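Next up, data_26.pdb (PDB, C-alpha atoms):
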ATOM      1  CA  MET G1112     251.053   5.244   4.863  1.00  0.00           C
ATOM      2  CA  LYS G1113     250.185   1.631   5.635  1.00  0.00           C
ATOM      3  CA  LEU G1114     247.682  -0.352   3.619  1.00  0.00           C
ATOM      4  CA  MET G1115     246.062  -3.046   5.787  1.00  0.00           C
ATOM      5  CA  VAL G1116     244.168  -5.684   3.852  1.00  0.00           C
ATOM      6  CA  GLY G1117     242.112  -8.394   5.528  1.00  0.00           C
ATOM      7  CA  LEU G1118     241.522 -11.455   3.390  1.00  0.00           C
ATOM      8  CA  GLY G1119     238.239 -13.291   3.065  1.00  0.00           C
ATOM      9  CA  ASN G1120     235.437 -14.191   0.706  1.00  0.00           C
ATOM     10  CA  PRO G1121     232.544 -11.778   0.082  1.00  0.00           C
ATOM     11  CA  GLY G1122     228.953 -12.670   0.906  1.00  0.00           C
ATOM     12  CA  SER G1123     226.962 -13.930   3.859  1.00  0.00           C
ATOM     13  CA  LEU G1124     227.623 -17.570   2.919  1.00  0.00           C
ATOM     14  CA  TYR G1125     231.274 -17.146   3.945  1.00  0.00           C
ATOM     15  CA  ALA G1126     230.950 -14.544   6.722  1.00  0.00           C
ATOM     16  CA  ARG G1127     231.650 -16.840   9.680  1.00  0.00           C
ATOM     17  CA  THR G1128     234.047 -19.264   7.996  1.00  0.00           C
ATOM     18  CA  ARG G1129     237.632 -19.860   9.039  1.00  0.00           C
ATOM     19  CA  HIS G1130     238.867 -18.233   5.827  1.00  0.00           C
ATOM     20  CA  ASN G1131     237.215 -14.914   6.721  1.00  0.00           C
ATOM     21  CA  LEU G1132     239.235 -14.029   9.816  1.00  0.00           C
ATOM     22  CA  GLY G1133     241.036 -11.288   7.874  1.00  0.00           C
ATOM     23  CA  TYR G1134     237.703  -9.612   7.107  1.00  0.00           C
ATOM     24  CA  ARG G1135     236.690  -9.867  10.758  1.00  0.00           C
ATOM     25  CA  VAL G1136     239.924  -8.194  11.897  1.00  0.00           C
ATOM     26  CA  ILE G1137     239.414  -5.298   9.447  1.00  0.00           C
ATOM     27  CA  GLU G1138     235.860  -4.890  10.769  1.00  0.00           C
ATOM     28  CA  ALA G1139     237.260  -4.770  14.332  1.00  0.00           C
ATOM     29  CA  ILE G1140     239.806  -2.117  13.307  1.00  0.00           C
ATOM     30  CA  ALA G1141     237.019  -0.080  11.698  1.00  0.00           C
ATOM     31  CA  ASP G1142     234.937  -0.347  14.891  1.00  0.00           C
ATOM     32  CA  LYS G1143     237.838   0.613  17.183  1.00  0.00           C
ATOM     33  CA  THR G1144     238.843   3.601  15.058  1.00  0.00           C
ATOM     34  CA  ARG G1145     235.288   4.608  14.104  1.00  0.00           C
ATOM     35  CA  SER G1146     236.155   4.265  10.445  1.00  0.00           C
ATOM     36  CA  GLU G1147     233.765   3.550   7.620  1.00  0.00           C
ATOM     37  CA  LEU G1148     234.374   1.023   4.863  1.00  0.00           C
ATOM     38  CA  ILE G1149     233.000   2.090   1.478  1.00  0.00           C
ATOM     39  CA  TYR G1150     232.863  -0.070  -1.632  1.00  0.00           C
ATOM     40  CA  ARG G1151     235.205   1.187  -4.352  1.00  0.00           C
ATOM     41  CA  ASP G1152     234.644  -0.627  -7.632  1.00  0.00           C
ATOM     42  CA  ARG G1153     237.955   0.387  -9.237  1.00  0.00           C
ATOM     43  CA  LEU G1154     239.814  -1.046  -6.215  1.00  0.00           C
ATOM     44  CA  LYS G1155     237.701  -4.202  -6.037  1.00  0.00           C
ATOM     45  CA  ALA G1156     237.378  -3.617  -2.288  1.00  0.00           C
ATOM     46  CA  LEU G1157     235.615  -2.074   0.634  1.00  0.00           C
ATOM     47  CA  ALA G1158     238.094   0.513   1.894  1.00  0.00           C
ATOM     48  CA  GLY G1159     238.345   3.237   4.490  1.00  0.00           C
ATOM     49  CA  GLU G1160     240.796   5.621   6.085  1.00  0.00           C
ATOM     50  CA  VAL G1161     242.068   5.172   9.637  1.00  0.00           C
ATOM     51  CA  LYS G1162     243.919   7.777  11.673  1.00  0.00           C
ATOM     52  CA  VAL G1163     246.065   6.742  14.635  1.00  0.00           C
ATOM     53  CA  GLY G1164     247.902   9.611  16.290  1.00  0.00           C
ATOM     54  CA  ASP G1165     249.554  11.538  13.474  1.00  0.00           C
ATOM     55  CA  TYR G1166     249.511   8.544  11.122  1.00  0.00           C
ATOM     56  CA  LYS G1167     247.011   7.752   8.401  1.00  0.00           C
ATOM     57  CA  SER G1168     246.380   4.261   7.096  1.00  0.00           C
ATOM     58  CA  ILE G1169     244.004   2.561   4.697  1.00  0.00           C
ATOM     59  CA  ILE G1170     242.076  -0.562   5.707  1.00  0.00           C
ATOM     60  CA  ALA G1171     240.429  -2.774   3.116  1.00  0.00           C
ATOM     61  CA  LYS G1172     238.484  -5.963   2.469  1.00  0.00           C
ATOM     62  CA  PRO G1173     238.871  -7.209  -1.117  1.00  0.00           C
ATOM     63  CA  SER G1174     235.576  -7.938  -2.868  1.00  0.00           C
ATOM     64  CA  THR G1175     237.290 -10.543  -5.009  1.00  0.00           C
ATOM     65  CA  TYR G1176     237.189 -14.113  -3.833  1.00  0.00           C
ATOM     66  CA  MET G1177     240.182 -15.339  -1.844  1.00  0.00           C
ATOM     67  CA  ASN G1178     242.002 -16.876  -4.828  1.00  0.00           C
ATOM     68  CA  GLN G1179     241.943 -13.501  -6.615  1.00  0.00           C
ATOM     69  CA  SER G1180     242.944 -11.299  -3.636  1.00  0.00           C
ATOM     70  CA  GLY G1181     246.070 -10.132  -5.446  1.00  0.00           C
ATOM     71  CA  LEU G1182     244.009  -8.238  -8.040  1.00  0.00           C
ATOM     72  CA  SER G1183     242.482  -6.070  -5.338  1.00  0.00           C
ATOM     73  CA  VAL G1184     245.733  -5.654  -3.373  1.00  0.00           C
ATOM     74  CA  ARG G1185     247.555  -4.570  -6.530  1.00  0.00           C
ATOM     75  CA  ALA G1186     244.788  -2.060  -7.373  1.00  0.00           C
ATOM     76  CA  LEU G1187     244.789  -0.703  -3.795  1.00  0.00           C
ATOM     77  CA  ALA G1188     248.596  -0.398  -3.678  1.00  0.00           C
ATOM     78  CA  SER G1189     248.644   1.390  -7.017  1.00  0.00           C
ATOM     79  CA  TRP G1190     245.791   3.779  -6.160  1.00  0.00           C
ATOM     80  CA  TYR G1191     247.227   4.721  -2.759  1.00  0.00           C
ATOM     81  CA  GLN G1192     250.835   4.594  -4.039  1.00  0.00           C
ATOM     82  CA  THR G1193     251.820   2.249  -1.235  1.00  0.00           C
ATOM     83  CA  ASP G1194     255.279   0.726  -1.045  1.00  0.00           C
ATOM     84  CA  VAL G1195     255.097  -3.062  -0.819  1.00  0.00           C
ATOM     85  CA  LYS G1196     256.794  -3.029   2.617  1.00  0.00           C
ATOM     86  CA  ASP G1197     253.854  -0.921   3.882  1.00  0.00           C
ATOM     87  CA  ILE G1198     251.212  -3.422   2.744  1.00  0.00           C
ATOM     88  CA  VAL G1199     250.057  -5.511   5.705  1.00  0.00           C
ATOM     89  CA  ILE G1200     248.051  -8.628   4.891  1.00  0.00           C
ATOM     90  CA  ILE G1201     245.803 -10.076   7.596  1.00  0.00           C
ATOM     91  CA  CYS G1202     244.712 -13.662   7.032  1.00  0.00           C
ATOM     92  CA  ASP G1203     243.943 -17.073   8.463  1.00  0.00           C
ATOM     93  CA  ASP G1204     246.595 -19.784   8.736  1.00  0.00           C
ATOM     94  CA  PHE G1205     245.967 -23.496   9.199  1.00  0.00           C
ATOM     95  CA  ASN G1206     249.602 -24.013  10.202  1.00  0.00           C
ATOM     96  CA  LEU G1207     248.801 -22.322  13.535  1.00  0.00           C
ATOM     97  CA  ASP G1208     246.549 -23.539  16.341  1.00  0.00           C
ATOM     98  CA  VAL G1209     243.140 -21.892  16.623  1.00  0.00           C
ATOM     99  CA  GLY G1210     243.477 -18.439  18.136  1.00  0.00           C
ATOM    100  CA  LYS G1211     247.277 -18.165  17.817  1.00  0.00           C
ATOM    101  CA  LEU G1212     248.711 -15.012  16.304  1.00  0.00           C
ATOM    102  CA  ARG G1213     251.895 -14.628  14.229  1.00  0.00           C
ATOM    103  CA  ILE G1214     253.264 -11.444  12.747  1.00  0.00           C
ATOM    104  CA  ARG G1215     256.071 -11.602  10.207  1.00  0.00           C
ATOM    105  CA  PRO G1216     257.792  -9.004   8.002  1.00  0.00           C
ATOM    106  CA  LYS G1217     257.698 -11.325   4.956  1.00  0.00           C
ATOM    107  CA  GLY G1218     257.353 -14.977   4.006  1.00  0.00           C
ATOM    108  CA  SER G1219     256.015 -17.620   1.684  1.00  0.00           C
ATOM    109  CA  ASP G1220     252.358 -18.262   0.912  1.00  0.00           C
ATOM    110  CA  GLY G1221     252.387 -21.253   3.293  1.00  0.00           C
ATOM    111  CA  GLY G1222     249.761 -22.968   1.134  1.00  0.00           C
ATOM    112  CA  HIS G1223     247.347 -20.017   1.425  1.00  0.00           C
ATOM    113  CA  ASN G1224     245.756 -19.245  -1.954  1.00  0.00           C
ATOM    114  CA  GLY G1225     245.060 -15.603  -1.064  1.00  0.00           C
ATOM    115  CA  LEU G1226     248.720 -15.020  -0.199  1.00  0.00           C
ATOM    116  CA  ARG G1227     249.748 -16.919  -3.335  1.00  0.00           C
ATOM    117  CA  SER G1228     247.610 -14.584  -5.456  1.00  0.00           C
ATOM    118  CA  ILE G1229     249.063 -11.482  -3.760  1.00  0.00           C
ATOM    119  CA  ILE G1230     252.650 -12.687  -4.176  1.00  0.00           C
ATOM    120  CA  SER G1231     251.950 -13.396  -7.838  1.00  0.00           C
ATOM    121  CA  CYS G1232     250.318 -10.002  -8.507  1.00  0.00           C
ATOM    122  CA  LEU G1233     252.910  -7.972  -6.576  1.00  0.00           C
ATOM    123  CA  GLY G1234     255.858 -10.052  -7.799  1.00  0.00           C
ATOM    124  CA  THR G1235     257.282 -10.321  -4.263  1.00  0.00           C
ATOM    125  CA  ASN G1236     256.667 -11.860  -0.851  1.00  0.00           C
ATOM    126  CA  GLU G1237     258.398  -8.953   0.932  1.00  0.00           C
ATOM    127  CA  PHE G1238     255.292  -7.617   2.683  1.00  0.00           C
ATOM    128  CA  PRO G1239     254.297  -7.964   6.350  1.00  0.00           C
ATOM    129  CA  ARG G1240     251.489 -10.228   7.408  1.00  0.00           C
ATOM    130  CA  ILE G1241     249.400 -10.867  10.480  1.00  0.00           C
ATOM    131  CA  ARG G1242     248.288 -14.485  10.533  1.00  0.00           C
ATOM    132  CA  LEU G1243     245.602 -15.937  12.783  1.00  0.00           C
ATOM    133  CA  GLY G1244     245.507 -19.643  13.504  1.00  0.00           C
ATOM    134  CA  ILE G1245     242.532 -21.726  12.419  1.00  0.00           C
ATOM    135  CA  GLY G1246     243.981 -25.138  13.264  1.00  0.00           C
ATOM    136  CA  GLU G1247     245.082 -27.990  11.070  1.00  0.00           C
ATOM    137  CA  PRO G1248     242.577 -29.354   8.521  1.00  0.00           C
ATOM    138  CA  LYS G1249     240.933 -32.640   9.322  1.00  0.00           C
ATOM    139  CA  GLY G1250     240.284 -33.862   5.794  1.00  0.00           C
ATOM    140  CA  ASP G1251     240.042 -31.692   2.687  1.00  0.00           C
ATOM    141  CA  ALA G1252     241.756 -28.301   3.211  1.00  0.00           C
ATOM    142  CA  VAL G1253     239.269 -26.375   1.011  1.00  0.00           C
ATOM    143  CA  ASP G1254     236.247 -27.747   2.869  1.00  0.00           C
ATOM    144  CA  TYR G1255     237.985 -27.015   6.157  1.00  0.00           C
ATOM    145  CA  VAL G1256     238.812 -23.346   5.512  1.00  0.00           C
ATOM    146  CA  LEU G1257     235.300 -22.740   4.169  1.00  0.00           C
ATOM    147  CA  SER G1258     233.693 -24.253   7.272  1.00  0.00           C
ATOM    148  CA  PRO G1259     232.673 -22.371  10.411  1.00  0.00           C
ATOM    149  CA  PHE G1260     234.512 -22.756  13.688  1.00  0.00           C
ATOM    150  CA  SER G1261     233.102 -25.208  16.206  1.00  0.00           C
ATOM    151  CA  ARG G1262     231.183 -23.643  19.077  1.00  0.00           C
ATOM    152  CA  GLN G1263     234.156 -24.243  21.404  1.00  0.00           C
ATOM    153  CA  GLU G1264     236.640 -22.755  18.911  1.00  0.00           C
ATOM    154  CA  GLU G1265     234.405 -19.744  18.256  1.00  0.00           C
ATOM    155  CA  GLU G1266     234.657 -18.853  21.955  1.00  0.00           C
ATOM    156  CA  THR G1267     238.399 -18.135  21.485  1.00  0.00           C
ATOM    157  CA  ILE G1268     238.050 -16.207  18.220  1.00  0.00           C
ATOM    158  CA  PRO G1269     236.882 -12.802  19.566  1.00  0.00           C
ATOM    159  CA  GLU G1270     240.032 -12.548  21.709  1.00  0.00           C
ATOM    160  CA  ALA G1271     242.232 -13.480  18.728  1.00  0.00           C
ATOM    161  CA  ILE G1272     240.471 -10.899  16.528  1.00  0.00           C
ATOM    162  CA  ASP G1273     240.866  -8.283  19.255  1.00  0.00           C
ATOM    163  CA  LYS G1274     244.602  -8.984  19.614  1.00  0.00           C
ATOM    164  CA  ALA G1275     245.128  -8.969  15.849  1.00  0.00           C
ATOM    165  CA  SER G1276     243.264  -5.676  15.469  1.00  0.00           C
ATOM    166  CA  GLN G1277     245.299  -4.134  18.322  1.00  0.00           C
ATOM    167  CA  ALA G1278     248.510  -5.361  16.666  1.00  0.00           C
ATOM    168  CA  ALA G1279     247.441  -3.895  13.317  1.00  0.00           C
ATOM    169  CA  ILE G1280     246.586  -0.545  14.896  1.00  0.00           C
ATOM    170  CA  MET G1281     249.932  -0.502  16.721  1.00  0.00           C
ATOM    171  CA  LEU G1282     251.677  -1.326  13.437  1.00  0.00           C
ATOM    172  CA  ILE G1283     250.344   1.919  11.947  1.00  0.00           C
ATOM    173  CA  GLU G1284     252.702   3.951  14.145  1.00  0.00           C
ATOM    174  CA  LYS G1285     255.332   1.469  15.392  1.00  0.00           C
ATOM    175  CA  ASN G1286     257.908  -0.728  13.672  1.00  0.00           C
ATOM    176  CA  ILE G1287     257.153  -4.378  13.058  1.00  0.00           C
ATOM    177  CA  GLU G1288     259.796  -5.706  15.480  1.00  0.00           C
ATOM    178  CA  LEU G1289     258.095  -3.935  18.388  1.00  0.00           C
ATOM    179  CA  VAL G1290     254.696  -5.278  17.336  1.00  0.00           C
ATOM    180  CA  MET G1291     256.077  -8.809  16.874  1.00  0.00           C
ATOM    181  CA  ASN G1292     257.671  -8.739  20.335  1.00  0.00           C
ATOM    182  CA  ARG G1293     254.408  -7.697  21.921  1.00  0.00           C
ATOM    183  CA  TYR G1294     251.866  -9.824  20.050  1.00  0.00           C
ATOM    184  CA  ASN G1295     253.460 -13.007  18.722  1.00  0.00           C
ATOM    185  CA  ASN G1296     252.301 -15.889  20.913  1.00  0.00           C
TER     186      ASN G1296
END
Just dump the structure as structure tokens.
Amino acid sequence: MKLMVGLGNPGSLYARTRHNLGYRVIEAIADKTRSELIYRDRLKALAGEVKVGDYKSIIAKPSTYMNQSGLSVRALASWYQTDVKDIVIICDDFNLDVGKLRIRPKGSDGGHNGLRSIISCLGTNEFPRIRLGIGEPKGDAVDYVLSPFSRQEEETIPEAIDKASQAAIMLIEKNIELVMNRYNN
């Protein structure tokens, strides 16, 4: 069973920021699969079950702030007894152009504090990730990731979210190499 976790910050203040693309992808998966996300205090997350074909998966949005994402991911992985290689993290990446998508089977945190927290809490970086480009910061990185997209950039985001959600859904039943070949751009 896969555990798909979209990273972001809780609350309406952060809803449309660059850092919340992971949340937006999880919401798209929930919409496409008609799944419901329910808050689970012990998991520090909104979580729900998704069924694709004969495969079941869990989707989640941590209720911790980005820098503490690992606490929720560790609680989710423990509760659902998920092997680390079946944990898929969906997040933003300022090393990619706005709207670009990259899927990898493992990797470093790349300067992303949410990934850093997850790597620290799980003790490994050997988990797949779906990264969505937000473009390179112009100035302070923290201010940049917590800012909304420009109107022009926001026009490209729904397509990127759609592709990322399709890739995540495909990843529930297919191997990562197939998904990478189809969706990496």
Rank nothing, just name the residue among G:Asn1286, G:Thr1175, G:Thr1267, G:Thr1128 nearest to Tyr1255 in chain G, using all atoms listed in the file.
->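 That would be G:Thr1128, the residue with the smallest distance to Tyr1255 in chain G.
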Residues within 10 Å of Ala1156 in chain G, all atoms listed in the file, excluding chain neighbours under 3 positions, as a compact mmCIF listing (two decimals) with C-alpha atoms, keeping the file's coordinate frame:
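Output file result.txt is given in full below:
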# COMPACT_ATOMS: atom_id res chain seq x y z
CA VAL G 1116 244.17 -5.68 3.85
CA PRO G 1121 232.54 -11.78 0.08
CA LEU G 1148 234.37 1.02 4.86
CA ILE G 1149 233.00 2.09 1.48
CA TYR G 1150 232.86 -0.07 -1.63
CA ARG G 1151 235.20 1.19 -4.35
CA ASP G 1152 234.64 -0.63 -7.63
CA ARG G 1153 237.96 0.39 -9.24
CA GLY G 1159 238.34 3.24 4.49
CA ILE G 1170 242.08 -0.56 5.71
CA ALA G 1171 240.43 -2.77 3.12
CA LYS G 1172 238.48 -5.96 2.47
CA PRO G 1173 238.87 -7.21 -1.12
CA SER G 1174 235.58 -7.94 -2.87
CA THR G 1175 237.29 -10.54 -5.01
CA SER G 1180 242.94 -11.30 -3.64
CA LEU G 1182 244.01 -8.24 -8.04
CA SER G 1183 242.48 -6.07 -5.34
CA VAL G 1184 245.73 -5.65 -3.37
CA ALA G 1186 244.79 -2.06 -7.37
CA LEU G 1187 244.79 -0.70 -3.80
Near-Ser1258 in chain G list (12 Å; only C-alpha atoms; drop same-chain fewer than 5 positions) as number ranges by chain | G: 1124-1132, 1245-1246, 1248-1253, 1265
Can those selected residues be exported to a file as a tab-separated table (two decimals), keeping the file's coordinate frame so that it contains C-alpha atoms?
chain	number	residue	atom	x	y	z
G	1124	LEU	CA	227.62	-17.57	2.92
G	1125	TYR	CA	231.27	-17.15	3.94
G	1126	ALA	CA	230.95	-14.54	6.72
G	1127	ARG	CA	231.65	-16.84	9.68
G	1128	THR	CA	234.05	-19.26	8.00
G	1129	ARG	CA	237.63	-19.86	9.04
G	1130	HIS	CA	238.87	-18.23	5.83
G	1131	ASN	CA	237.22	-14.91	6.72
G	1132	LEU	CA	239.24	-14.03	9.82
G	1245	ILE	CA	242.53	-21.73	12.42
G	1246	GLY	CA	243.98	-25.14	13.26
G	1248	PRO	CA	242.58	-29.35	8.52
G	1249	LYS	CA	240.93	-32.64	9.32
G	1250	GLY	CA	240.28	-33.86	5.79
G	1251	ASP	CA	240.04	-31.69	2.69
G	1252	ALA	CA	241.76	-28.30	3.21
G	1253	VAL	CA	239.27	-26.38	1.01
G	1265	GLU	CA	234.40	-19.74	18.26
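For the residues G:Val1136, G:Leu1118, G:Val1209, G:Val1163, ranking by smallest atom-to-atom distance to Glu1284 in chain G using only C-alpha atoms places G:Val1163 first.
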First collect every listed atom of range 1168-1186 of chain G; then fit an axis-aligned box around them, widen it by 6 Å on each side, and give centre and edge lengths in Å to one decimal, as lines of an AutoDock Vina configuration file.
center_x = 241.6
center_y = -6.3
center_z = -0.5
size_x = 24.0
size_y = 33.1
size_z = 27.1
To one decimal in Å, tell me the separation between CA of Asp1204 in chain G and CA of Gly1133 in chain G.
->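 Atom-to-atom, CA of Asp1204 in chain G to CA of Gly1133 in chain G, that is 10.2 Å.
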Can you tell me how far CA of Ala1271 in chain G sits from CA of Ile1140 in chain G, in Å to one decimal?
->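 Separation of CA of Ala1271 in chain G and CA of Ile1140 in chain G: 12.8 Å.
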Evaluate the PyMOL selection byres ((chain G and resi 1244) around 9) and report residues as a compact mmCIF listing (two decimals) with C-alpha atoms, keeping the file's coordinate frame:
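The result, written out as part_24.txt:
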# COMPACT_ATOMS: atom_id res chain seq x y z
CA CYS G 1202 244.71 -13.66 7.03
CA ASP G 1203 243.94 -17.07 8.46
CA ASP G 1204 246.60 -19.78 8.74
CA PHE G 1205 245.97 -23.50 9.20
CA ASN G 1206 249.60 -24.01 10.20
CA LEU G 1207 248.80 -22.32 13.54
CA ASP G 1208 246.55 -23.54 16.34
CA VAL G 1209 243.14 -21.89 16.62
CA GLY G 1210 243.48 -18.44 18.14
CA LYS G 1211 247.28 -18.16 17.82
CA LEU G 1212 248.71 -15.01 16.30
CA ARG G 1213 251.90 -14.63 14.23
CA ARG G 1242 248.29 -14.48 10.53
CA LEU G 1243 245.60 -15.94 12.78
CA ILE G 1245 242.53 -21.73 12.42
CA GLY G 1246 243.98 -25.14 13.26
CA GLU G 1247 245.08 -27.99 11.07
CA ALA G 1271 242.23 -13.48 18.73
Using all atoms listed in the file, determine which residues lie at most 10 Å from Ser1219 in chain G, disregarding the query and same-chain residues fewer than 4 positions distant; provide the list as an NGL selection string.
-> :G and (1223 or 1226-1227 or 1230 or 1235-1237)
Would you save the residues from that selection as an mmCIF file, in the frame of the given file, using C-alpha atoms?
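For reference, result.cif as written:
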data_model
loop_
_atom_site.group_PDB
_atom_site.id
_atom_site.type_symbol
_atom_site.label_atom_id
_atom_site.label_comp_id
_atom_site.auth_asym_id
_atom_site.auth_seq_id
_atom_site.Cartn_x
_atom_site.Cartn_y
_atom_site.Cartn_z
ATOM 1 C CA HIS G 1223 247.347 -20.017 1.425
ATOM 2 C CA LEU G 1226 248.720 -15.020 -0.199
ATOM 3 C CA ARG G 1227 249.748 -16.919 -3.335
ATOM 4 C CA ILE G 1230 252.650 -12.687 -4.176
ATOM 5 C CA THR G 1235 257.282 -10.321 -4.263
ATOM 6 C CA ASN G 1236 256.667 -11.860 -0.851
ATOM 7 C CA GLU G 1237 258.398 -8.953 0.932
#
Go ahead and compute the interatomic distance for CA of Lys1155 in chain G and CA of Val1290 in chain G, in Å to one decimal.
-> 28.9 Å
Could you tell me, as a list in words, which residues have any atom at most 9 Å from (253.4, -10.9, 11.1), counting all atoms listed in the file?
-> Val1199, Ile1200, Ile1201, Leu1212, Arg1213, Ile1214, Arg1215, Pro1216, Lys1217, Pro1239, Arg1240, Ile1241, Arg1242, Ile1287, Val1290, Met1291 and Asn1295 of chain G
Would you please work out which residue, of G:Ala1139, G:Asp1194, G:Ser1146, G:Ala1278, is nearest to Asn1292 in chain G when using all atoms listed in the file?
->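 With all atoms listed in the file as the atom set, the closest residue is G:Ala1278.
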Counting all atoms listed in the file, the residue of G:Ile1198, G:Arg1145, G:Asp1220, G:Leu1233 that sits nearest Glu1160 in chain G =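 Ranked by minimum distance to Glu1160 in chain G, first place goes to G:Arg1145.
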Counting all atoms listed in the file, figure out which residue out of G:Lys1196, G:Gly1181, G:Arg1293, G:Gln1277 gets nearest to Ser1231 in chain G.
->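 Among the listed residues, G:Gly1181 lies closest to Ser1231 in chain G.
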Counting only C-alpha atoms, figure out which residue out of G:Lys1167, G:Ile1268, G:Asp1197, G:Met1177 gets nearest to Ile1229 in chain G.
->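 So, comparing all the options, the nearest one is G:Met1177.
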